[in-house]
>>> print(open('target.cif').read())   # mmCIF, C-alpha atoms
data_entry
loop_
_atom_site.group_PDB
_atom_site.id
_atom_site.type_symbol
_atom_site.label_atom_id
_atom_site.label_comp_id
_atom_site.auth_asym_id
_atom_site.auth_seq_id
_atom_site.Cartn_x
_atom_site.Cartn_y
_atom_site.Cartn_z
ATOM 1 C CA LEU E 4 -31.608 66.038 115.431
ATOM 2 C CA ALA E 5 -28.059 64.810 115.789
ATOM 3 C CA THR E 6 -25.356 67.001 114.350
ATOM 4 C CA GLY E 7 -22.494 65.640 112.284
ATOM 5 C CA ARG E 8 -20.283 65.890 115.334
ATOM 6 C CA ASP E 9 -22.781 63.929 117.439
ATOM 7 C CA GLU E 10 -23.025 61.242 114.783
ATOM 8 C CA ARG E 11 -19.247 60.879 114.747
ATOM 9 C CA LYS E 12 -19.245 60.485 118.548
ATOM 10 C CA ILE E 13 -21.984 57.829 118.360
ATOM 11 C CA GLU E 14 -20.122 55.987 115.614
ATOM 12 C CA ALA E 15 -16.879 56.070 117.614
ATOM 13 C CA THR E 16 -18.700 54.747 120.703
ATOM 14 C CA VAL E 17 -20.253 51.880 118.738
ATOM 15 C CA VAL E 18 -16.907 50.934 117.208
ATOM 16 C CA GLN E 19 -15.234 51.043 120.614
ATOM 17 C CA HIS E 20 -18.011 48.892 122.096
ATOM 18 C CA ASP E 21 -17.683 46.345 119.285
ATOM 19 C CA ASP E 22 -13.905 46.244 119.749
ATOM 20 C CA ARG E 23 -14.321 45.580 123.457
ATOM 21 C CA LEU E 24 -16.812 42.769 122.792
ATOM 22 C CA LEU E 25 -14.440 41.214 120.275
ATOM 23 C CA GLU E 26 -11.561 41.533 122.724
ATOM 24 C CA ARG E 27 -13.587 39.833 125.464
ATOM 25 C CA LYS E 28 -14.491 36.977 123.109
ATOM 26 C CA GLU E 29 -10.873 36.548 122.090
ATOM 27 C CA VAL E 30 -9.757 36.538 125.733
ATOM 28 C CA ARG E 31 -12.387 33.935 126.615
ATOM 29 C CA GLN E 32 -11.364 31.802 123.641
ATOM 30 C CA THR E 33 -7.677 32.090 124.545
ATOM 31 C CA THR E 34 -8.483 31.214 128.162
ATOM 32 C CA MET E 35 -10.373 28.074 127.106
ATOM 33 C CA GLU E 36 -7.568 27.033 124.766
ATOM 34 C CA ALA E 37 -5.052 27.601 127.560
ATOM 35 C CA VAL E 38 -6.869 25.063 129.749
ATOM 36 C CA TYR E 39 -5.580 22.218 127.569
ATOM 37 C CA ASP E 40 -2.029 23.544 127.789
ATOM 38 C CA GLN E 41 -2.315 23.832 131.565
ATOM 39 C CA ILE E 42 -3.534 20.255 131.857
ATOM 40 C CA GLN E 43 -0.695 19.002 129.647
ATOM 41 C CA ALA E 44 1.818 20.947 131.726
ATOM 42 C CA ILE E 45 0.525 19.295 134.903
ATOM 43 C CA ILE E 46 0.707 15.738 133.579
ATOM 44 C CA GLY E 47 3.938 16.245 131.627
ATOM 45 C CA THR E 48 6.357 17.206 134.403
ATOM 46 C CA ASP E 49 8.422 14.032 133.870
ATOM 47 C CA ALA E 50 8.031 13.233 137.549
ATOM 48 C CA GLY E 51 10.041 10.025 137.239
ATOM 49 C CA ASN E 52 12.841 11.630 135.203
ATOM 50 C CA ARG E 53 12.311 9.025 132.473
ATOM 51 C CA GLY E 54 12.601 11.410 129.546
ATOM 52 C CA MET E 55 8.877 11.368 128.730
ATOM 53 C CA LYS E 56 8.790 15.047 127.721
ATOM 54 C CA SER E 57 10.193 14.064 124.336
ATOM 55 C CA LEU E 58 7.034 11.987 123.814
ATOM 56 C CA ILE E 59 4.640 14.938 124.130
ATOM 57 C CA VAL E 60 2.900 15.999 120.912
ATOM 58 C CA PRO E 61 1.812 19.652 121.298
ATOM 59 C CA GLY E 62 -1.900 20.099 120.670
ATOM 60 C CA ASP E 63 -2.816 16.406 120.765
ATOM 61 C CA LEU E 64 -4.467 16.583 124.191
ATOM 62 C CA LYS E 65 -6.817 19.268 122.885
ATOM 63 C CA LEU E 66 -7.613 17.261 119.743
ATOM 64 C CA ALA E 67 -8.156 14.099 121.781
ATOM 65 C CA GLY E 68 -10.447 15.919 124.197
ATOM 66 C CA GLU E 69 -12.485 17.360 121.354
ATOM 67 C CA THR E 70 -12.686 13.977 119.619
ATOM 68 C CA LEU E 71 -14.192 12.332 122.696
ATOM 69 C CA GLY E 72 -16.056 15.338 124.080
ATOM 70 C CA LEU E 73 -17.846 16.201 120.835
ATOM 71 C CA LEU E 74 -18.531 12.616 119.707
ATOM 72 C CA LYS E 75 -22.260 12.037 119.290
ATOM 73 C CA PRO E 76 -23.626 9.016 121.181
ATOM 74 C CA SER E 77 -25.236 6.235 119.169
ATOM 75 C CA SER E 78 -27.215 3.178 120.165
ATOM 76 C CA GLU E 79 -25.451 1.179 117.457
ATOM 77 C CA SER E 80 -21.849 1.974 118.404
ATOM 78 C CA GLU E 81 -19.639 2.498 121.409
ATOM 79 C CA VAL E 82 -16.356 3.783 122.770
ATOM 80 C CA VAL E 83 -13.801 1.023 123.280
ATOM 81 C CA VAL E 84 -10.997 1.503 125.813
ATOM 82 C CA LEU E 85 -7.987 -0.831 125.691
ATOM 83 C CA SER E 86 -5.738 -1.229 128.702
ATOM 84 C CA GLY E 87 -3.622 -3.734 130.566
ATOM 85 C CA PHE E 88 0.135 -3.889 130.932
ATOM 86 C CA PRO E 89 1.053 -7.238 132.529
ATOM 87 C CA CYS E 90 4.665 -6.307 133.165
ATOM 88 C CA CYS E 91 4.825 -7.891 136.631
ATOM 89 C CA VAL E 92 5.484 -11.189 134.916
ATOM 90 C CA HIS E 93 6.339 -13.152 138.052
ATOM 91 C CA GLU E 94 3.252 -12.046 139.984
ATOM 92 C CA ASP E 95 -0.361 -13.202 139.950
ATOM 93 C CA PRO E 96 -2.043 -11.204 138.652
ATOM 94 C CA PRO E 97 0.784 -9.626 136.623
ATOM 95 C CA THR E 98 -1.156 -6.384 136.097
ATOM 96 C CA GLU E 99 0.559 -3.041 136.531
ATOM 97 C CA THR E 100 -1.370 -0.625 138.745
ATOM 98 C CA ASP E 101 -0.833 2.172 136.235
ATOM 99 C CA GLY E 102 -3.670 1.884 133.736
ATOM 100 C CA PRO E 103 -6.866 0.661 135.435
ATOM 101 C CA PRO E 104 -7.667 3.906 137.338
ATOM 102 C CA GLY E 105 -7.061 6.087 134.283
ATOM 103 C CA THR E 106 -9.000 3.698 132.085
ATOM 104 C CA PHE E 107 -12.093 3.820 134.241
ATOM 105 C CA ALA E 108 -11.852 7.594 134.580
ATOM 106 C CA ILE E 109 -12.127 7.698 130.793
ATOM 107 C CA ALA E 110 -14.932 5.114 130.776
ATOM 108 C CA ARG E 111 -16.885 7.054 133.374
ATOM 109 C CA ALA E 112 -16.464 10.306 131.427
ATOM 110 C CA ALA E 113 -17.578 8.671 128.172
ATOM 111 C CA ALA E 114 -20.600 7.106 129.906
ATOM 112 C CA ALA E 115 -21.529 10.484 131.379
ATOM 113 C CA LEU E 116 -21.426 11.889 127.839
ATOM 114 C CA GLY E 117 -24.032 9.281 126.849
ATOM 115 C CA HIS E 118 -21.831 6.617 125.241
ATOM 116 C CA ARG E 119 -21.842 2.900 125.743
ATOM 117 C CA VAL E 120 -18.322 1.884 126.754
ATOM 118 C CA THR E 121 -16.473 -1.413 126.617
ATOM 119 C CA VAL E 122 -13.179 -1.750 128.469
ATOM 120 C CA VAL E 123 -11.021 -4.474 126.930
ATOM 121 C CA THR E 124 -8.007 -6.240 128.398
ATOM 122 C CA ASP E 125 -6.199 -9.581 128.559
ATOM 123 C CA VAL E 126 -7.503 -12.576 130.523
ATOM 124 C CA CYS E 127 -4.558 -12.300 132.921
ATOM 125 C CA ASN E 128 -5.684 -8.779 133.910
ATOM 126 C CA GLU E 129 -9.359 -9.628 134.391
ATOM 127 C CA ALA E 130 -9.411 -9.729 138.198
ATOM 128 C CA VAL E 131 -7.928 -6.258 138.555
ATOM 129 C CA PHE E 132 -10.148 -4.600 135.955
ATOM 130 C CA ALA E 133 -13.274 -6.364 137.222
ATOM 131 C CA ALA E 134 -12.556 -5.087 140.738
ATOM 132 C CA ALA E 135 -12.022 -1.564 139.404
ATOM 133 C CA LEU E 136 -15.330 -1.674 137.549
ATOM 134 C CA LYS E 137 -17.172 -3.057 140.564
ATOM 135 C CA GLY E 138 -15.860 -0.275 142.788
ATOM 136 C CA LEU E 139 -16.394 2.496 140.263
ATOM 137 C CA ALA E 140 -18.350 5.420 141.691
ATOM 138 C CA MET E 141 -20.988 6.599 139.226
ATOM 139 C CA ARG E 142 -23.357 9.523 139.438
ATOM 140 C CA GLU E 143 -26.294 7.524 138.104
ATOM 141 C CA LEU E 144 -27.095 3.815 137.801
ATOM 142 C CA LYS E 145 -27.884 4.195 134.095
ATOM 143 C CA GLU E 146 -24.326 5.430 133.492
ATOM 144 C CA ARG E 147 -22.882 2.379 135.253
ATOM 145 C CA ARG E 148 -24.948 0.133 132.987
ATOM 146 C CA ARG E 149 -23.291 1.722 129.975
ATOM 147 C CA ILE E 150 -19.864 0.328 130.955
ATOM 148 C CA ALA E 151 -18.906 -3.283 130.244
ATOM 149 C CA LEU E 152 -15.710 -5.318 130.502
ATOM 150 C CA GLU E 153 -14.473 -7.846 127.945
ATOM 151 C CA VAL E 154 -11.329 -9.955 128.172
ATOM 152 C CA PHE E 155 -9.473 -11.976 125.560
ATOM 153 C CA PRO E 156 -6.847 -14.743 125.728
ATOM 154 C CA PRO E 157 -3.509 -14.702 123.877
ATOM 155 C CA THR E 158 -4.854 -17.214 121.330
ATOM 156 C CA PHE E 159 -8.429 -16.761 120.100
ATOM 157 C CA SER E 160 -10.956 -19.531 119.825
ATOM 158 C CA GLU E 161 -13.638 -19.339 117.139
ATOM 159 C CA GLN E 162 -15.986 -17.793 119.699
ATOM 160 C CA ASP E 163 -13.342 -15.266 120.762
ATOM 161 C CA GLU E 164 -12.887 -14.293 117.129
ATOM 162 C CA LYS E 165 -16.619 -13.658 116.756
ATOM 163 C CA ARG E 166 -16.680 -11.533 119.906
ATOM 164 C CA PHE E 167 -13.668 -9.604 118.686
ATOM 165 C CA GLN E 168 -15.135 -8.889 115.259
ATOM 166 C CA ASN E 169 -18.402 -7.781 116.844
ATOM 167 C CA LEU E 170 -16.428 -5.393 119.044
ATOM 168 C CA ALA E 171 -14.529 -4.033 116.050
ATOM 169 C CA ASP E 172 -17.769 -3.448 114.163
ATOM 170 C CA ARG E 173 -19.348 -1.557 117.089
ATOM 171 C CA CYS E 174 -16.313 0.588 117.848
ATOM 172 C CA LYS E 175 -16.866 4.266 117.067
ATOM 173 C CA LEU E 176 -13.795 5.550 118.905
ATOM 174 C CA LEU E 177 -10.806 3.539 120.127
ATOM 175 C CA ILE E 178 -8.848 4.704 123.170
ATOM 176 C CA SER E 179 -5.834 3.036 124.751
ATOM 177 C CA CYS E 180 -4.548 3.836 128.231
ATOM 178 C CA GLU E 181 -1.292 2.185 129.298
ATOM 179 C CA ARG E 182 -1.861 -0.630 126.838
ATOM 180 C CA ALA E 183 1.118 -2.753 125.859
ATOM 181 C CA GLY E 184 2.056 -2.032 122.248
ATOM 182 C CA PRO E 185 4.057 -4.150 119.812
ATOM 183 C CA GLY E 186 7.577 -3.261 118.777
ATOM 184 C CA LYS E 187 8.960 -3.675 115.283
ATOM 185 C CA ASP E 188 9.165 -7.465 115.778
ATOM 186 C CA GLY E 189 5.496 -7.648 116.768
ATOM 187 C CA LYS E 190 6.201 -8.426 120.423
ATOM 188 C CA CYS E 191 5.282 -6.379 123.495
ATOM 189 C CA TYR E 192 8.096 -5.571 125.905
ATOM 190 C CA THR E 193 8.388 -4.172 129.406
ATOM 191 C CA MET E 194 10.717 -1.200 129.961
ATOM 192 C CA ARG E 195 13.303 -3.757 131.073
ATOM 193 C CA GLY E 196 13.001 -5.617 127.814
ATOM 194 C CA ILE E 197 11.005 -8.630 129.029
ATOM 195 C CA ASP E 198 8.930 -10.205 126.255
ATOM 196 C CA MET E 199 5.363 -10.396 127.600
ATOM 197 C CA ASN E 200 4.160 -12.353 124.563
ATOM 198 C CA GLU E 201 6.667 -15.083 125.336
ATOM 199 C CA LYS E 202 5.211 -15.271 128.852
ATOM 200 C CA GLY E 203 1.759 -15.922 127.368
ATOM 201 C CA LEU E 204 0.238 -12.722 128.780
ATOM 202 C CA ILE E 205 -0.680 -10.623 125.741
ATOM 203 C CA ALA E 206 -3.860 -10.884 123.665
ATOM 204 C CA PRO E 207 -3.613 -9.388 120.138
ATOM 205 C CA LEU E 208 -5.850 -6.451 120.986
ATOM 206 C CA ASP E 209 -3.837 -4.087 118.774
ATOM 207 C CA ARG E 210 -5.733 -5.664 115.865
ATOM 208 C CA LEU E 211 -8.573 -3.299 116.740
ATOM 209 C CA VAL E 212 -6.487 -0.405 115.406
ATOM 210 C CA ARG E 213 -6.622 -1.945 111.939
ATOM 211 C CA GLU E 214 -10.015 -3.623 112.101
ATOM 212 C CA SER E 215 -12.240 -1.081 113.850
ATOM 213 C CA ASN E 216 -11.935 1.707 111.255
ATOM 214 C CA SER E 217 -12.020 4.360 113.982
ATOM 215 C CA LYS E 218 -9.744 7.066 115.360
ATOM 216 C CA LEU E 219 -7.180 6.021 117.971
ATOM 217 C CA ILE E 220 -6.430 8.110 121.056
ATOM 218 C CA SER E 221 -3.505 6.701 123.029
ATOM 219 C CA ILE E 222 -2.042 7.419 126.450
ATOM 220 C CA GLY E 223 1.389 6.349 127.611
ATOM 221 C CA ASP E 224 4.428 7.330 129.644
ATOM 222 C CA GLY E 225 7.385 5.251 128.520
ATOM 223 C CA GLY E 226 7.368 4.615 124.772
ATOM 224 C CA ASN E 227 6.346 0.952 124.770
ATOM 225 C CA GLU E 228 2.605 1.629 124.938
ATOM 226 C CA LEU E 229 0.138 1.300 122.085
ATOM 227 C CA GLY E 230 0.044 4.467 119.979
ATOM 228 C CA MET E 231 3.605 5.568 120.705
ATOM 229 C CA GLY E 232 4.612 4.876 117.122
ATOM 230 C CA LYS E 233 3.670 8.490 116.464
ATOM 231 C CA VAL E 234 6.923 9.527 118.178
ATOM 232 C CA ILE E 235 9.013 6.421 117.504
ATOM 233 C CA ASP E 236 12.053 8.446 116.392
ATOM 234 C CA ASN E 237 12.012 10.336 119.690
ATOM 235 C CA ILE E 238 11.797 7.042 121.575
ATOM 236 C CA ILE E 239 14.764 5.565 119.706
ATOM 237 C CA ASN E 240 16.881 8.691 120.177
ATOM 238 C CA ASN E 241 15.960 9.292 123.829
ATOM 239 C CA PRO E 242 19.008 8.498 126.017
ATOM 240 C CA LYS E 243 16.739 7.854 129.016
ATOM 241 C CA ILE E 244 14.782 5.089 127.229
ATOM 242 C CA ALA E 245 16.945 1.991 127.182
ATOM 243 C CA ASP E 246 16.752 -0.146 124.046
ATOM 244 C CA GLY E 247 14.086 2.135 122.554
ATOM 245 C CA ASP E 248 14.594 0.703 119.076
ATOM 246 C CA ARG E 249 13.512 -2.721 120.369
ATOM 247 C CA ILE E 250 10.828 -1.923 122.953
ATOM 248 C CA GLY E 251 9.289 1.156 121.285
ATOM 249 C CA CYS E 252 5.770 0.587 119.960
ATOM 250 C CA VAL E 253 5.528 1.068 116.202
ATOM 251 C CA ILE E 254 1.745 1.579 115.990
ATOM 252 C CA ALA E 255 0.904 5.271 115.779
ATOM 253 C CA ALA E 256 -2.070 6.936 117.428
ATOM 254 C CA ASP E 257 -4.067 9.652 115.721
ATOM 255 C CA TYR E 258 -3.803 11.643 118.949
ATOM 256 C CA LEU E 259 -1.161 10.854 121.563
ATOM 257 C CA ILE E 260 -1.270 11.941 125.199
ATOM 258 C CA ALA E 261 2.071 11.533 126.966
ATOM 259 C CA ALA E 262 2.145 11.836 130.748
ATOM 260 C CA SER E 263 4.512 11.214 133.641
ATOM 261 C CA VAL E 264 2.059 8.496 134.704
ATOM 262 C CA SER E 265 -0.486 7.054 132.286
ATOM 263 C CA ASN E 266 -3.248 7.259 134.900
ATOM 264 C CA TRP E 267 -2.692 11.018 134.899
ATOM 265 C CA GLY E 268 -3.147 10.971 131.141
ATOM 266 C CA GLY E 269 -6.476 9.186 131.600
ATOM 267 C CA TYR E 270 -7.627 11.833 134.048
ATOM 268 C CA ALA E 271 -6.431 14.515 131.631
ATOM 269 C CA LEU E 272 -8.422 13.073 128.735
ATOM 270 C CA ALA E 273 -11.558 12.929 130.905
ATOM 271 C CA ALA E 274 -11.024 16.583 131.871
ATOM 272 C CA ALA E 275 -10.289 17.650 128.288
ATOM 273 C CA ALA E 276 -13.442 15.897 127.079
ATOM 274 C CA ALA E 277 -15.426 17.876 129.668
ATOM 275 C CA VAL E 278 -13.876 21.150 128.508
ATOM 276 C CA ALA E 279 -14.494 20.469 124.806
ATOM 277 C CA PRO E 280 -18.278 21.111 124.699
ATOM 278 C CA ALA E 281 -17.817 24.411 126.515
ATOM 279 C CA THR E 282 -15.081 25.432 124.106
ATOM 280 C CA GLU E 283 -17.222 24.453 121.116
ATOM 281 C CA GLY E 284 -20.181 26.413 122.485
ATOM 282 C CA LYS E 285 -18.107 29.547 122.899
ATOM 283 C CA ARG E 286 -16.651 29.086 119.404
ATOM 284 C CA LYS E 287 -20.161 28.952 117.893
ATOM 285 C CA ASN E 288 -21.230 32.015 119.893
ATOM 286 C CA HIS E 289 -18.131 33.825 118.670
ATOM 287 C CA LYS E 290 -19.020 33.076 115.052
ATOM 288 C CA ARG E 291 -22.614 34.267 115.571
ATOM 289 C CA GLY E 292 -21.319 37.429 117.196
#
>>> encode(input="target.cif", output="structure tokens")
Amino acid sequence: LATGRDERKIEATVVQHDDRLLERKEVRQTTMEAVYDQIQAIIGTDAGNRGMKSLIVPGDLKLAGETLGLLKPSSESEVVVLSGFPCCVHEDPPTETDGPPGTFAIARAAAALGHRVTVVTDVCNEAVFAAALKGLAMRELKERRRIALEVFPPTFSEQDEKRFQNLADRCKLLISCERAGPGKDGKCYTMRGIDMNEKGLIAPLDRLVRESNSKLISIGDGGNELGMGKVIDNIINNPKIADGDRIGCVIAADYLIAASVSNWGGYALAAAAAVAPATEGKRKNHKRG
């Protein structure tokens, strides 16, 4: 039979063991949480010295990753990814190279998670995005079949309007990656202040923010991208962003990922979405423990 002294030793050992288990769980949880911060630190170095650090919203990368990573796939809905920044207004096509790679990294990640994905851009950007989709490396053919591309003109026909409304109805999560966003006058500007609407390059894709009734995750690097309205005051007051009051996008994202290069932000969201299920699994195990 155990003596009182033995029982006290056993009790102390059990308590110490429990404390160690709890400490390990807390360390693992902290480590997983730190992954998001590490990713944000990598993409938020302000490599171009454009003042983008003032656009970072602490914690939003984690929330964006969890929103996409934990979203349940449905046969009746899909993830919609908006992109296209036709700022090279004197070129054909006028598409900026920042945007398509990050967009399809997100699309590929969402497809791998089981979602149907539609990438949406302007007619003027179609050739670039179609080439990116055609060359996209996918692990399985069935994942490639989950990704589609739709393009819209600056002025909608009746058929365009029907396609657009159908897209809005199907949208379960809206993501924008280096997508031109309207300023306070409703026009989309380049960082140099060129009006892309006036050039006939911009389709009114920002309508999906209002008409899709879904969360918006946005990625940008300069302040004139869709979703940047969340930090509009920082854009206006940033001395490195010229004419921020005019070019700054006024539409706010639910979760905003700011990066030195928007493509990097797309890669970061794909990585964060991959981390999210593991983090959620450990959180549930922690609660059970």
>>> atom_distance(input="target.cif", atom1="CA of Ala134 in chain E", atom2="CA of Pro96 in chain E")
12.3 Å
>>> closest_atom_pairs(input="target.cif", of="range 70-147 of chain E", to="range 243-265 of chain E", cutoff="10 Å", atoms="all atoms listed in the file", output="Markdown table")
| residue | atom | partner | partner_atom | distance |
| --- | --- | --- | --- | --- |
| E:Thr70 | CA | E:Tyr258 | CA | 9.2 |
| E:Asp101 | CA | E:Ser265 | CA | 6.3 |
| E:Gly102 | CA | E:Ser265 | CA | 6.2 |
| E:Pro103 | CA | E:Ser265 | CA | 9.6 |
| E:Pro104 | CA | E:Ser265 | CA | 9.3 |
| E:Gly105 | CA | E:Ser265 | CA | 6.9 |
| E:Thr106 | CA | E:Ser265 | CA | 9.2 |
>>> atom_distance(input="target.cif", atom1="CA of Ala108 in chain E", atom2="CA of Asn266 in chain E")
8.6 Å
>>> atom_distance(input="target.cif", atom1="CA of Leu136 in chain E", atom2="CA of Arg148 in chain E")
10.8 Å
>>> resolve_selection(input="target.cif", expression="the PyMOL selection byres ((chain E and resi 277) around 12)", output="count of residues only")
33
>>> residues_around(input="target.cif", residues="Pro242 in chain E", least_positions_apart="6", cutoff="12 Å", atoms="all atoms listed in the file", output="PyMOL selection string")
chain E and resi 52-55+57+236+248
>>> closest_residue(input="target.cif", among="E:Thr34, E:Lys56, E:Gly47, E:Val154", to="Asn237 in chain E", atoms="only C-alpha atoms")
E:Lys56
>>> resolve_selection(input="target.cif", expression="the PyMOL selection byres ((chain E and resi 191) around 8)", output="list in words")
Ala183, Gly184, Pro185, Gly186, Gly189, Lys190, Tyr192, Thr193, Asp198, Met199, Asn200, Ile205, Asn227, Ile250 and Cys252 of chain E
>>> residues_around(input="target.cif", residues="Cys174 in chain E", least_positions_apart="4", cutoff="7 Å", atoms="only C-alpha atoms", output="list in words")
Ser80, Glu81, Val82, Val83, Leu170, Ser215 and Ser217 of chain E
>>> residues_around(input="target.cif", residues="Asn169 in chain E", least_positions_apart="2", cutoff="12 Å", atoms="all atoms listed in the file", output="list in words")
Glu79, Ser80, Glu81, Val83, Thr121, Glu153, Gln162, Asp163, Glu164, Lys165, Arg166, Phe167, Ala171, Asp172, Arg173, Cys174, Leu211, Glu214 and Ser215 of chain E
>>> axis_aligned_box(input="target.cif", around="range 130-145 of chain E", padding_each_side="6 Å", output="JSON")
{"center_x": -17.9, "center_y": -0.1, "center_z": 138.4, "size_x": 32.0, "size_y": 31.3, "size_z": 20.7}
>>> resolve_selection(input="target.cif", expression="the PyMOL selection byres ((chain E and resi 207) around 9)", output="ChimeraX atom specification")
/E:125,155-159,205-206,208-211
>>> residues_around(input="target.cif", residues="Ala151 in chain E", least_positions_apart="4", cutoff="9 Å", atoms="only C-alpha atoms", output="number ranges by chain")
E: 119-123, 136, 147
>>> closest_residue(input="target.cif", among="E:Ala37, E:Val92, E:Val131, E:Val84", to="Leu177 in chain E", atoms="all atoms listed in the file")
E:Val84
>>> closest_residue(input="target.cif", among="E:Asp49, E:Ala110, E:Gly203, E:Leu58", to="His93 in chain E", atoms="only C-alpha atoms")
E:Gly203
>>> residues_around(input="target.cif", residues="Arg182 in chain E", least_positions_apart="5", cutoff="6 Å", atoms="all atoms listed in the file", output="PyMOL selection string")
chain E and resi 86-88+228-229
>>> closest_residue(input="target.cif", among="E:Ile150, E:Ala133, E:Ile222, E:Ile45", to="Asp63 in chain E", atoms="only C-alpha atoms")
E:Ile222
>>> closest_residue(input="target.cif", among="E:His118, E:Pro89, E:Glu201, E:Asp40", to="Lys75 in chain E", atoms="only C-alpha atoms")
E:His118
>>> closest_residue(input="target.cif", among="E:Ile46, E:Val212, E:Cys90, E:Ile178", to="Asp224 in chain E", atoms="all atoms listed in the file")
E:Ile46
